[in-house]
file data37.cif (mmCIF, N, CA and C atoms)
data_run
#
loop_
_atom_site.label_atom_id
_atom_site.label_comp_id
_atom_site.auth_asym_id
_atom_site.auth_seq_id
_atom_site.Cartn_x
_atom_site.Cartn_y
_atom_site.Cartn_z
N MET A 1 168.66 -124.08 -60.79
CA MET A 1 169.74 -123.15 -60.56
C MET A 1 169.21 -121.75 -60.82
N THR A 2 169.62 -120.82 -59.99
CA THR A 2 169.21 -119.43 -60.13
C THR A 2 170.45 -118.56 -60.31
N VAL A 3 170.40 -117.69 -61.28
CA VAL A 3 171.50 -116.74 -61.50
C VAL A 3 171.01 -115.36 -61.13
N LYS A 4 171.74 -114.70 -60.25
CA LYS A 4 171.38 -113.35 -59.83
C LYS A 4 172.57 -112.43 -60.03
N GLN A 5 172.26 -111.22 -60.45
CA GLN A 5 173.30 -110.22 -60.64
C GLN A 5 173.64 -109.59 -59.28
N ILE A 6 174.93 -109.38 -59.04
CA ILE A 6 175.37 -108.68 -57.84
C ILE A 6 176.43 -107.66 -58.22
N ASP A 7 176.65 -106.72 -57.35
CA ASP A 7 177.65 -105.69 -57.57
C ASP A 7 179.03 -106.27 -57.24
N LEU A 8 179.79 -106.65 -58.27
CA LEU A 8 181.08 -107.29 -58.06
C LEU A 8 182.09 -106.37 -57.39
N ASP A 9 181.91 -105.07 -57.55
CA ASP A 9 182.81 -104.13 -56.89
C ASP A 9 182.75 -104.25 -55.37
N LYS A 10 181.59 -104.65 -54.85
CA LYS A 10 181.45 -104.82 -53.40
C LYS A 10 182.19 -106.05 -52.89
N LEU A 11 182.45 -106.99 -53.78
CA LEU A 11 183.10 -108.23 -53.35
C LEU A 11 184.62 -108.10 -53.28
N GLY A 12 185.21 -107.38 -54.23
CA GLY A 12 186.66 -107.24 -54.22
C GLY A 12 187.35 -108.56 -54.52
N ASP A 13 188.57 -108.73 -54.00
CA ASP A 13 189.36 -109.94 -54.23
C ASP A 13 188.87 -111.04 -53.28
N LEU A 14 188.34 -112.11 -53.85
CA LEU A 14 187.74 -113.19 -53.06
C LEU A 14 188.71 -114.31 -52.70
N ARG A 15 189.85 -114.35 -53.34
CA ARG A 15 190.75 -115.50 -53.20
C ARG A 15 191.24 -115.74 -51.78
N ASN A 16 191.44 -114.69 -51.01
CA ASN A 16 192.03 -114.86 -49.69
C ASN A 16 191.03 -114.71 -48.55
N LEU A 17 189.74 -114.70 -48.87
CA LEU A 17 188.73 -114.53 -47.84
C LEU A 17 188.38 -115.86 -47.18
N SER A 18 188.12 -115.82 -45.90
CA SER A 18 187.59 -117.00 -45.21
C SER A 18 186.13 -117.18 -45.63
N ASP A 19 185.54 -118.31 -45.32
CA ASP A 19 184.12 -118.53 -45.62
C ASP A 19 183.25 -117.46 -44.95
N ALA A 20 183.60 -117.12 -43.71
CA ALA A 20 182.83 -116.12 -42.97
C ALA A 20 182.92 -114.76 -43.65
N GLU A 21 184.11 -114.35 -44.06
CA GLU A 21 184.28 -113.06 -44.71
C GLU A 21 183.54 -113.03 -46.06
N LEU A 22 183.60 -114.14 -46.80
CA LEU A 22 182.90 -114.22 -48.08
C LEU A 22 181.40 -114.13 -47.87
N LYS A 23 180.88 -114.83 -46.88
CA LYS A 23 179.44 -114.77 -46.60
C LYS A 23 179.01 -113.34 -46.30
N LEU A 24 179.76 -112.65 -45.47
CA LEU A 24 179.42 -111.28 -45.12
C LEU A 24 179.46 -110.36 -46.35
N LYS A 25 180.44 -110.57 -47.22
CA LYS A 25 180.53 -109.75 -48.43
C LYS A 25 179.37 -110.05 -49.39
N LEU A 26 179.01 -111.34 -49.51
CA LEU A 26 177.88 -111.70 -50.37
C LEU A 26 176.58 -111.10 -49.84
N GLU A 27 176.40 -111.09 -48.54
CA GLU A 27 175.21 -110.46 -47.96
C GLU A 27 175.19 -108.96 -48.27
N ALA A 28 176.34 -108.32 -48.12
CA ALA A 28 176.42 -106.89 -48.40
C ALA A 28 176.13 -106.60 -49.88
N ALA A 29 176.43 -107.56 -50.75
CA ALA A 29 176.18 -107.38 -52.18
C ALA A 29 174.75 -107.75 -52.56
N GLY A 30 173.96 -108.22 -51.58
CA GLY A 30 172.56 -108.49 -51.85
C GLY A 30 172.16 -109.95 -51.90
N PHE A 31 173.08 -110.87 -51.61
CA PHE A 31 172.71 -112.28 -51.64
C PHE A 31 171.92 -112.62 -50.38
N PRO A 32 170.70 -113.15 -50.53
CA PRO A 32 169.89 -113.48 -49.36
C PRO A 32 170.10 -114.92 -48.90
N PHE A 33 170.78 -115.09 -47.79
CA PHE A 33 170.94 -116.43 -47.23
C PHE A 33 169.67 -116.76 -46.45
N THR A 34 168.78 -117.52 -47.07
CA THR A 34 167.47 -117.75 -46.47
C THR A 34 167.25 -119.18 -46.00
N ALA A 35 168.19 -120.08 -46.28
CA ALA A 35 168.02 -121.47 -45.85
C ALA A 35 167.93 -121.53 -44.33
N THR A 36 167.11 -122.45 -43.85
CA THR A 36 167.01 -122.65 -42.41
C THR A 36 167.57 -124.02 -42.05
N PHE A 37 168.03 -124.13 -40.81
CA PHE A 37 168.62 -125.37 -40.31
C PHE A 37 167.96 -125.73 -39.00
N GLN A 38 167.73 -127.03 -38.84
CA GLN A 38 167.10 -127.52 -37.61
C GLN A 38 167.73 -128.85 -37.25
N VAL A 39 167.95 -129.06 -35.94
CA VAL A 39 168.55 -130.31 -35.49
C VAL A 39 167.57 -131.46 -35.69
N LYS A 40 168.12 -132.64 -35.93
CA LYS A 40 167.29 -133.84 -36.06
C LYS A 40 166.94 -134.37 -34.67
N ASP A 41 165.81 -135.04 -34.61
CA ASP A 41 165.36 -135.62 -33.34
C ASP A 41 166.16 -136.84 -32.91
N ASN A 42 167.01 -137.36 -33.79
CA ASN A 42 167.75 -138.58 -33.50
C ASN A 42 169.04 -138.34 -32.72
N TYR A 43 169.17 -137.16 -32.15
CA TYR A 43 170.34 -136.83 -31.33
C TYR A 43 169.87 -136.13 -30.07
N VAL A 44 170.49 -136.46 -28.97
CA VAL A 44 170.15 -135.80 -27.72
C VAL A 44 171.35 -135.04 -27.20
N HIS A 45 171.05 -133.90 -26.61
CA HIS A 45 172.08 -133.06 -25.99
C HIS A 45 171.98 -133.29 -24.49
N ARG A 46 173.10 -133.71 -23.90
CA ARG A 46 173.15 -133.92 -22.46
C ARG A 46 174.37 -133.25 -21.89
N LYS A 47 174.26 -132.82 -20.65
CA LYS A 47 175.41 -132.29 -19.92
C LYS A 47 175.86 -133.43 -19.01
N VAL A 48 177.05 -133.97 -19.28
CA VAL A 48 177.58 -135.11 -18.54
C VAL A 48 178.90 -134.69 -17.90
N ALA A 49 178.94 -134.73 -16.58
CA ALA A 49 180.13 -134.36 -15.82
C ALA A 49 180.66 -132.98 -16.25
N GLY A 50 179.72 -132.06 -16.46
CA GLY A 50 180.11 -130.71 -16.83
C GLY A 50 180.41 -130.49 -18.29
N ASN A 51 180.26 -131.51 -19.12
CA ASN A 51 180.54 -131.42 -20.55
C ASN A 51 179.26 -131.56 -21.35
N ASP A 52 179.10 -130.72 -22.37
CA ASP A 52 177.96 -130.82 -23.28
C ASP A 52 178.30 -131.84 -24.36
N VAL A 53 177.45 -132.87 -24.51
CA VAL A 53 177.68 -133.89 -25.52
C VAL A 53 176.40 -134.15 -26.31
N LEU A 54 176.59 -134.56 -27.56
CA LEU A 54 175.51 -135.02 -28.41
C LEU A 54 175.69 -136.51 -28.61
N ILE A 55 174.61 -137.25 -28.45
CA ILE A 55 174.65 -138.70 -28.58
C ILE A 55 173.52 -139.13 -29.51
N ALA A 56 173.83 -140.03 -30.43
CA ALA A 56 172.84 -140.53 -31.38
C ALA A 56 171.89 -141.49 -30.67
N ILE A 57 170.62 -141.42 -31.07
CA ILE A 57 169.61 -142.37 -30.59
C ILE A 57 168.83 -142.86 -31.80
N GLY A 58 168.03 -143.86 -31.61
CA GLY A 58 167.16 -144.35 -32.69
C GLY A 58 167.95 -144.83 -33.90
N GLU A 59 167.44 -144.51 -35.08
CA GLU A 59 168.03 -144.95 -36.35
C GLU A 59 169.47 -144.53 -36.53
N ASP A 60 169.83 -143.37 -36.01
CA ASP A 60 171.16 -142.82 -36.26
C ASP A 60 172.27 -143.49 -35.45
N VAL A 61 171.92 -144.37 -34.51
CA VAL A 61 172.96 -145.09 -33.77
C VAL A 61 173.82 -145.90 -34.74
N ALA A 62 173.18 -146.52 -35.73
CA ALA A 62 173.91 -147.32 -36.71
C ALA A 62 174.78 -146.45 -37.62
N ASN A 63 174.37 -145.21 -37.86
CA ASN A 63 175.10 -144.31 -38.76
C ASN A 63 176.18 -143.50 -38.05
N PHE A 64 176.02 -143.29 -36.76
CA PHE A 64 176.95 -142.45 -36.02
C PHE A 64 177.27 -143.14 -34.70
N ASN A 65 178.39 -143.80 -34.67
CA ASN A 65 178.79 -144.57 -33.49
C ASN A 65 179.78 -143.75 -32.68
N GLY A 66 179.27 -142.84 -31.88
CA GLY A 66 180.14 -142.00 -31.09
C GLY A 66 179.37 -140.86 -30.46
N TYR A 67 180.09 -139.83 -30.11
CA TYR A 67 179.47 -138.65 -29.55
C TYR A 67 180.25 -137.43 -30.00
N ILE A 68 179.65 -136.29 -29.86
CA ILE A 68 180.31 -135.03 -30.16
C ILE A 68 180.32 -134.22 -28.88
N GLN A 69 181.49 -133.79 -28.47
CA GLN A 69 181.60 -132.89 -27.33
C GLN A 69 181.54 -131.47 -27.84
N MET A 70 180.68 -130.67 -27.22
CA MET A 70 180.47 -129.29 -27.68
C MET A 70 180.99 -128.30 -26.64
N ASN A 71 181.47 -127.18 -27.14
CA ASN A 71 181.80 -126.08 -26.23
C ASN A 71 180.50 -125.33 -25.92
N PRO A 72 180.52 -124.39 -24.98
CA PRO A 72 179.27 -123.71 -24.61
C PRO A 72 178.55 -123.02 -25.76
N SER A 73 179.28 -122.41 -26.69
CA SER A 73 178.60 -121.74 -27.79
C SER A 73 177.95 -122.74 -28.74
N ALA A 74 178.58 -123.87 -28.98
CA ALA A 74 177.98 -124.91 -29.83
C ALA A 74 176.73 -125.47 -29.17
N ALA A 75 176.78 -125.70 -27.87
CA ALA A 75 175.61 -126.20 -27.14
C ALA A 75 174.47 -125.19 -27.22
N TYR A 76 174.80 -123.92 -27.13
CA TYR A 76 173.80 -122.86 -27.22
C TYR A 76 173.14 -122.87 -28.60
N LEU A 77 173.97 -123.01 -29.65
CA LEU A 77 173.44 -123.08 -31.00
C LEU A 77 172.56 -124.31 -31.19
N TRP A 78 172.99 -125.44 -30.66
CA TRP A 78 172.21 -126.68 -30.79
C TRP A 78 170.81 -126.47 -30.23
N GLU A 79 170.74 -125.88 -29.05
CA GLU A 79 169.44 -125.65 -28.42
C GLU A 79 168.61 -124.67 -29.25
N ALA A 80 169.23 -123.65 -29.80
CA ALA A 80 168.52 -122.68 -30.63
C ALA A 80 167.96 -123.34 -31.89
N MET A 81 168.66 -124.37 -32.39
CA MET A 81 168.27 -125.02 -33.64
C MET A 81 167.21 -126.10 -33.45
N LYS A 82 166.61 -126.16 -32.29
CA LYS A 82 165.47 -127.06 -32.12
C LYS A 82 164.28 -126.56 -32.95
N GLU A 83 164.33 -125.27 -33.27
CA GLU A 83 163.40 -124.65 -34.21
C GLU A 83 164.21 -124.22 -35.42
N PRO A 84 163.61 -124.19 -36.61
CA PRO A 84 164.36 -123.77 -37.80
C PRO A 84 164.94 -122.36 -37.63
N ARG A 85 166.21 -122.22 -37.98
CA ARG A 85 166.91 -120.94 -37.86
C ARG A 85 167.76 -120.70 -39.10
N THR A 86 167.82 -119.44 -39.52
CA THR A 86 168.72 -119.07 -40.61
C THR A 86 170.12 -118.87 -40.03
N VAL A 87 171.10 -118.82 -40.91
CA VAL A 87 172.46 -118.55 -40.47
C VAL A 87 172.53 -117.20 -39.77
N ALA A 88 171.85 -116.20 -40.31
CA ALA A 88 171.86 -114.86 -39.71
C ALA A 88 171.27 -114.90 -38.30
N GLN A 89 170.21 -115.65 -38.10
CA GLN A 89 169.63 -115.76 -36.76
C GLN A 89 170.59 -116.43 -35.79
N LEU A 90 171.29 -117.46 -36.26
CA LEU A 90 172.26 -118.15 -35.41
C LEU A 90 173.44 -117.23 -35.08
N GLU A 91 173.87 -116.47 -36.06
CA GLU A 91 174.97 -115.52 -35.82
C GLU A 91 174.57 -114.49 -34.76
N LYS A 92 173.37 -113.95 -34.89
CA LYS A 92 172.88 -112.97 -33.92
C LYS A 92 172.78 -113.59 -32.53
N THR A 93 172.36 -114.84 -32.46
CA THR A 93 172.29 -115.55 -31.19
C THR A 93 173.65 -115.58 -30.52
N LEU A 94 174.69 -115.93 -31.28
CA LEU A 94 176.04 -115.98 -30.72
C LEU A 94 176.55 -114.60 -30.34
N GLU A 95 176.33 -113.63 -31.20
CA GLU A 95 176.79 -112.26 -30.91
C GLU A 95 176.20 -111.77 -29.59
N ASP A 96 174.91 -111.98 -29.41
CA ASP A 96 174.23 -111.50 -28.20
C ASP A 96 174.62 -112.28 -26.96
N ALA A 97 174.68 -113.60 -27.07
CA ALA A 97 174.92 -114.44 -25.89
C ALA A 97 176.37 -114.48 -25.46
N PHE A 98 177.30 -114.34 -26.41
CA PHE A 98 178.72 -114.53 -26.09
C PHE A 98 179.57 -113.30 -26.38
N ASP A 99 178.94 -112.21 -26.77
CA ASP A 99 179.65 -110.95 -27.00
C ASP A 99 180.85 -111.13 -27.94
N VAL A 100 180.59 -111.73 -29.10
CA VAL A 100 181.63 -111.92 -30.11
C VAL A 100 181.32 -111.03 -31.31
N SER A 101 182.34 -110.79 -32.12
CA SER A 101 182.17 -109.96 -33.31
C SER A 101 181.32 -110.68 -34.35
N CYS A 102 180.82 -109.92 -35.29
CA CYS A 102 180.02 -110.48 -36.39
C CYS A 102 180.83 -111.50 -37.18
N VAL A 103 182.08 -111.18 -37.48
CA VAL A 103 182.93 -112.09 -38.25
C VAL A 103 183.18 -113.38 -37.46
N GLN A 104 183.45 -113.25 -36.17
CA GLN A 104 183.69 -114.44 -35.34
C GLN A 104 182.42 -115.29 -35.23
N ALA A 105 181.27 -114.66 -35.04
CA ALA A 105 180.01 -115.39 -34.96
C ALA A 105 179.73 -116.13 -36.26
N THR A 106 179.97 -115.46 -37.38
CA THR A 106 179.75 -116.08 -38.69
C THR A 106 180.66 -117.29 -38.87
N ALA A 107 181.93 -117.14 -38.54
CA ALA A 107 182.88 -118.26 -38.67
C ALA A 107 182.47 -119.42 -37.78
N ASP A 108 182.09 -119.13 -36.55
CA ASP A 108 181.70 -120.19 -35.62
C ASP A 108 180.45 -120.92 -36.09
N VAL A 109 179.47 -120.18 -36.56
CA VAL A 109 178.22 -120.80 -37.03
C VAL A 109 178.50 -121.65 -38.26
N LEU A 110 179.25 -121.13 -39.22
CA LEU A 110 179.54 -121.91 -40.43
C LEU A 110 180.33 -123.18 -40.11
N ASP A 111 181.29 -123.08 -39.21
CA ASP A 111 182.06 -124.27 -38.81
C ASP A 111 181.17 -125.30 -38.13
N PHE A 112 180.29 -124.85 -37.24
CA PHE A 112 179.38 -125.74 -36.53
C PHE A 112 178.43 -126.42 -37.50
N LEU A 113 177.83 -125.65 -38.41
CA LEU A 113 176.92 -126.24 -39.38
C LEU A 113 177.62 -127.26 -40.27
N LYS A 114 178.87 -126.98 -40.62
CA LYS A 114 179.63 -127.90 -41.47
C LYS A 114 179.79 -129.25 -40.77
N VAL A 115 180.16 -129.24 -39.50
CA VAL A 115 180.33 -130.50 -38.75
C VAL A 115 178.99 -131.23 -38.67
N LEU A 116 177.93 -130.52 -38.36
CA LEU A 116 176.62 -131.15 -38.24
C LEU A 116 176.16 -131.73 -39.57
N GLN A 117 176.42 -131.01 -40.66
CA GLN A 117 176.04 -131.51 -41.98
C GLN A 117 176.86 -132.74 -42.37
N GLU A 118 178.14 -132.74 -42.04
CA GLU A 118 179.00 -133.88 -42.35
C GLU A 118 178.50 -135.16 -41.66
N HIS A 119 177.90 -135.00 -40.51
CA HIS A 119 177.40 -136.16 -39.75
C HIS A 119 175.89 -136.34 -39.89
N ASN A 120 175.28 -135.60 -40.82
CA ASN A 120 173.85 -135.73 -41.11
C ASN A 120 173.00 -135.53 -39.85
N MET A 121 173.33 -134.51 -39.07
CA MET A 121 172.67 -134.27 -37.80
C MET A 121 171.63 -133.14 -37.87
N ILE A 122 171.52 -132.49 -39.03
CA ILE A 122 170.57 -131.39 -39.16
C ILE A 122 169.79 -131.52 -40.47
N CYS A 123 168.66 -130.86 -40.49
CA CYS A 123 167.85 -130.75 -41.71
C CYS A 123 167.97 -129.32 -42.21
N ALA A 124 168.14 -129.18 -43.50
CA ALA A 124 168.20 -127.86 -44.11
C ALA A 124 166.99 -127.68 -45.01
N GLN A 125 166.38 -126.50 -44.92
CA GLN A 125 165.22 -126.20 -45.77
C GLN A 125 165.49 -124.91 -46.51
#
call {"tool": "encode", "arguments": {"input": "data37.cif", "output": "structure tokens"}}
result
Amino acid sequence: MTVKQIDLDKLGDLRNLSDAELKLKLEAAGFPFTATFQVKDNYVHRKVAGNDVLIAIGEDVANFNGYIQMNPSAAYLWEAMKEPRTVAQLEKTLEDAFDVSCVQATADVLDFLKVLQEHNMICAQ
């Protein structure tokens, strides 16, 4: 465990912030989000009848019996995560490709990573 001092005045009232807003405030206060995320090889991304889907292959078929349908931004993130990416890099990817705000990109990335982590579909370093 690491304890780091931050300027609490920059954070303000945290109780009503979304995860995305809290992340942005922590970054502004000096917290370095440096973890990287990469998709596992046991899932394939296919476009089927105009829909982006993820399907388990190999060992993960037994662990994940189904598929995930992705919207275009999620599919874009999945492809970007074939190489290790930080949350900030993923946010920038969405901002540039889909012309969304920083807050919206942060919320979308955090939500996407949460779903992938819940289904053990990514590696975090």
call {"tool": "atom_distance", "arguments": {"input": "data37.cif", "atom1": "atom C of Met121 in chain A", "atom2": "atom C of Gln104 in chain A"}}
result
21.0 Å
call {"tool": "resolve_selection", "arguments": {"input": "data37.cif", "expression": "the PyMOL selection byres (((chain A and resi 57 and name CA) around 12) and name CA)", "output": "PDB file with N, CA and C atoms, in the frame of the given file"}}
result
ATOM      1  N   LYS A  40     168.120-132.640 -35.930  1.00  0.00           N
ATOM      2  CA  LYS A  40     167.290-133.840 -36.060  1.00  0.00           C
ATOM      3  C   LYS A  40     166.940-134.370 -34.670  1.00  0.00           C
ATOM      4  N   ASP A  41     165.810-135.040 -34.610  1.00  0.00           N
ATOM      5  CA  ASP A  41     165.360-135.620 -33.340  1.00  0.00           C
ATOM      6  C   ASP A  41     166.160-136.840 -32.910  1.00  0.00           C
ATOM      7  N   ASN A  42     167.010-137.360 -33.790  1.00  0.00           N
ATOM      8  CA  ASN A  42     167.750-138.580 -33.500  1.00  0.00           C
ATOM      9  C   ASN A  42     169.040-138.340 -32.720  1.00  0.00           C
ATOM     10  N   TYR A  43     169.170-137.160 -32.150  1.00  0.00           N
ATOM     11  CA  TYR A  43     170.340-136.830 -31.330  1.00  0.00           C
ATOM     12  C   TYR A  43     169.870-136.130 -30.070  1.00  0.00           C
ATOM     13  N   VAL A  44     170.490-136.460 -28.970  1.00  0.00           N
ATOM     14  CA  VAL A  44     170.150-135.800 -27.720  1.00  0.00           C
ATOM     15  C   VAL A  44     171.350-135.040 -27.200  1.00  0.00           C
ATOM     16  N   HIS A  45     171.050-133.900 -26.610  1.00  0.00           N
ATOM     17  CA  HIS A  45     172.080-133.060 -25.990  1.00  0.00           C
ATOM     18  C   HIS A  45     171.980-133.290 -24.490  1.00  0.00           C
ATOM     19  N   LEU A  54     176.590-134.560 -27.560  1.00  0.00           N
ATOM     20  CA  LEU A  54     175.510-135.020 -28.410  1.00  0.00           C
ATOM     21  C   LEU A  54     175.690-136.510 -28.610  1.00  0.00           C
ATOM     22  N   ILE A  55     174.610-137.250 -28.450  1.00  0.00           N
ATOM     23  CA  ILE A  55     174.650-138.700 -28.580  1.00  0.00           C
ATOM     24  C   ILE A  55     173.520-139.130 -29.510  1.00  0.00           C
ATOM     25  N   ALA A  56     173.830-140.030 -30.430  1.00  0.00           N
ATOM     26  CA  ALA A  56     172.840-140.530 -31.380  1.00  0.00           C
ATOM     27  C   ALA A  56     171.890-141.490 -30.670  1.00  0.00           C
ATOM     28  N   GLY A  58     168.030-143.860 -31.610  1.00  0.00           N
ATOM     29  CA  GLY A  58     167.160-144.350 -32.690  1.00  0.00           C
ATOM     30  C   GLY A  58     167.950-144.830 -33.900  1.00  0.00           C
ATOM     31  N   GLU A  59     167.440-144.510 -35.080  1.00  0.00           N
ATOM     32  CA  GLU A  59     168.030-144.950 -36.350  1.00  0.00           C
ATOM     33  C   GLU A  59     169.470-144.530 -36.530  1.00  0.00           C
ATOM     34  N   ASP A  60     169.830-143.370 -36.010  1.00  0.00           N
ATOM     35  CA  ASP A  60     171.160-142.820 -36.260  1.00  0.00           C
ATOM     36  C   ASP A  60     172.270-143.490 -35.450  1.00  0.00           C
ATOM     37  N   VAL A  61     171.920-144.370 -34.510  1.00  0.00           N
ATOM     38  CA  VAL A  61     172.960-145.090 -33.770  1.00  0.00           C
ATOM     39  C   VAL A  61     173.820-145.900 -34.740  1.00  0.00           C
ATOM     40  N   ALA A  62     173.180-146.520 -35.730  1.00  0.00           N
ATOM     41  CA  ALA A  62     173.910-147.320 -36.710  1.00  0.00           C
ATOM     42  C   ALA A  62     174.780-146.450 -37.620  1.00  0.00           C
ATOM     43  N   ASN A  63     174.370-145.210 -37.860  1.00  0.00           N
ATOM     44  CA  ASN A  63     175.100-144.310 -38.760  1.00  0.00           C
ATOM     45  C   ASN A  63     176.180-143.500 -38.050  1.00  0.00           C
ATOM     46  N   PHE A  64     176.020-143.290 -36.760  1.00  0.00           N
ATOM     47  CA  PHE A  64     176.950-142.450 -36.020  1.00  0.00           C
ATOM     48  C   PHE A  64     177.270-143.140 -34.700  1.00  0.00           C
ATOM     49  N   ASN A  65     178.390-143.800 -34.670  1.00  0.00           N
ATOM     50  CA  ASN A  65     178.790-144.570 -33.490  1.00  0.00           C
ATOM     51  C   ASN A  65     179.780-143.750 -32.680  1.00  0.00           C
ATOM     52  N   GLY A  66     179.270-142.840 -31.880  1.00  0.00           N
ATOM     53  CA  GLY A  66     180.140-142.000 -31.090  1.00  0.00           C
ATOM     54  C   GLY A  66     179.370-140.860 -30.460  1.00  0.00           C
ATOM     55  N   TYR A  67     180.090-139.830 -30.110  1.00  0.00           N
ATOM     56  CA  TYR A  67     179.470-138.650 -29.550  1.00  0.00           C
ATOM     57  C   TYR A  67     180.250-137.430 -30.000  1.00  0.00           C
ATOM     58  N   MET A 121     173.330-134.510 -39.070  1.00  0.00           N
ATOM     59  CA  MET A 121     172.670-134.270 -37.800  1.00  0.00           C
ATOM     60  C   MET A 121     171.630-133.140 -37.870  1.00  0.00           C
TER      61      MET A 121
END
call {"tool": "atom_distance", "arguments": {"input": "data37.cif", "atom1": "CA of Met81 in chain A", "atom2": "CA of Leu94 in chain A"}}
result
12.3 Å
call {"tool": "select_by_dssp", "arguments": {"input": "data37.cif", "residues": "chain A", "states": "strand (DSSP E)", "output": "ChimeraX atom specification"}}
result
/A:36-39,43-48,51-56,67-70,85-86,122-124
call {"tool": "resolve_selection", "arguments": {"input": "data37.cif", "expression": "the PyMOL selection byres (((chain A and resi 98 and name CA) around 12) and name CA)", "output": "NGL selection string"}}
result
:A and (71-74 or 76-77 or 90-97 or 99-102 or 104-105 or 108)
call {"tool": "atom_distance", "arguments": {"input": "data37.cif", "atom1": "CA of Ala75 in chain A", "atom2": "CA of Gln89 in chain A"}}
result
15.4 Å
call {"tool": "closest_residue", "arguments": {"input": "data37.cif", "among": "A:Met70, A:Val87, A:Met1, A:Leu24", "to": "Ala124 in chain A", "atoms": "only C-alpha atoms"}}
result
A:Val87
call {"tool": "resolve_selection", "arguments": {"input": "data37.cif", "expression": "the PyMOL selection byres ((chain A and resi 85) around 5)", "output": "number ranges by chain"}}
result
A: 36-37, 83-84, 86-87
call {"tool": "closest_residue", "arguments": {"input": "data37.cif", "among": "A:Ala35, A:Leu26, A:Leu11, A:Val3", "to": "Leu113 in chain A", "atoms": "only C-alpha atoms"}}
result
A:Ala35
call {"tool": "closest_residue", "arguments": {"input": "data37.cif", "among": "A:Gln69, A:Asp9, A:Thr106, A:Glu118", "to": "Glu21 in chain A", "atoms": "all atoms listed in the file"}}
result
A:Thr106
call {"tool": "select_by_dssp", "arguments": {"input": "data37.cif", "residues": "range 2-125 of chain A", "states": "alpha helix (DSSP H)", "output": "ChimeraX atom specification"}}
result
/A:8-11,19-28,60-63,72-80,87-98,102-118
call {"tool": "closest_residue", "arguments": {"input": "data37.cif", "among": "A:Val109, A:Ala88, A:Leu8, A:Gln117", "to": "Thr34 in chain A", "atoms": "only C-alpha atoms"}}
result
A:Ala88
call {"tool": "closest_residue", "arguments": {"input": "data37.cif", "among": "A:Gln38, A:Gln5, A:Cys123, A:Trp78", "to": "Val53 in chain A", "atoms": "only C-alpha atoms"}}
result
A:Trp78
call {"tool": "closest_residue", "arguments": {"input": "data37.cif", "among": "A:Leu22, A:Ala28, A:Val48, A:Ile68", "to": "Val115 in chain A", "atoms": "only C-alpha atoms"}}
result
A:Ile68
call {"tool": "build_atoms", "arguments": {"input": "data37.cif", "residues": "range 106-116 of chain A", "atoms": "N, CA, C and O atoms", "output": "tab-separated table (two decimals), in the coordinates of the input"}}
result
chain	number	residue	atom	x	y	z
A	106	THR	N	179.97	-115.46	-37.38
A	106	THR	CA	179.75	-116.08	-38.69
A	106	THR	C	180.66	-117.29	-38.87
A	106	THR	O	180.20	-118.36	-39.27
A	107	ALA	N	181.93	-117.14	-38.54
A	107	ALA	CA	182.88	-118.26	-38.67
A	107	ALA	C	182.47	-119.42	-37.78
A	107	ALA	O	182.48	-120.58	-38.22
A	108	ASP	N	182.09	-119.13	-36.55
A	108	ASP	CA	181.70	-120.19	-35.62
A	108	ASP	C	180.45	-120.92	-36.09
A	108	ASP	O	180.38	-122.15	-36.03
A	109	VAL	N	179.47	-120.18	-36.56
A	109	VAL	CA	178.22	-120.80	-37.03
A	109	VAL	C	178.50	-121.65	-38.26
A	109	VAL	O	178.04	-122.80	-38.34
A	110	LEU	N	179.25	-121.13	-39.22
A	110	LEU	CA	179.54	-121.91	-40.43
A	110	LEU	C	180.33	-123.18	-40.11
A	110	LEU	O	180.05	-124.25	-40.67
A	111	ASP	N	181.29	-123.08	-39.21
A	111	ASP	CA	182.06	-124.27	-38.81
A	111	ASP	C	181.17	-125.30	-38.13
A	111	ASP	O	181.25	-126.50	-38.40
A	112	PHE	N	180.29	-124.85	-37.24
A	112	PHE	CA	179.38	-125.74	-36.53
A	112	PHE	C	178.43	-126.42	-37.50
A	112	PHE	O	178.24	-127.65	-37.45
A	113	LEU	N	177.83	-125.65	-38.41
A	113	LEU	CA	176.92	-126.24	-39.38
A	113	LEU	C	177.62	-127.26	-40.27
A	113	LEU	O	177.05	-128.30	-40.62
A	114	LYS	N	178.87	-126.98	-40.62
A	114	LYS	CA	179.63	-127.90	-41.47
A	114	LYS	C	179.79	-129.25	-40.77
A	114	LYS	O	179.57	-130.31	-41.38
A	115	VAL	N	180.16	-129.24	-39.50
A	115	VAL	CA	180.33	-130.50	-38.75
A	115	VAL	C	178.99	-131.23	-38.67
A	115	VAL	O	178.92	-132.45	-38.90
A	116	LEU	N	177.93	-130.52	-38.36
A	116	LEU	CA	176.62	-131.15	-38.24
A	116	LEU	C	176.16	-131.73	-39.57
A	116	LEU	O	175.60	-132.83	-39.62
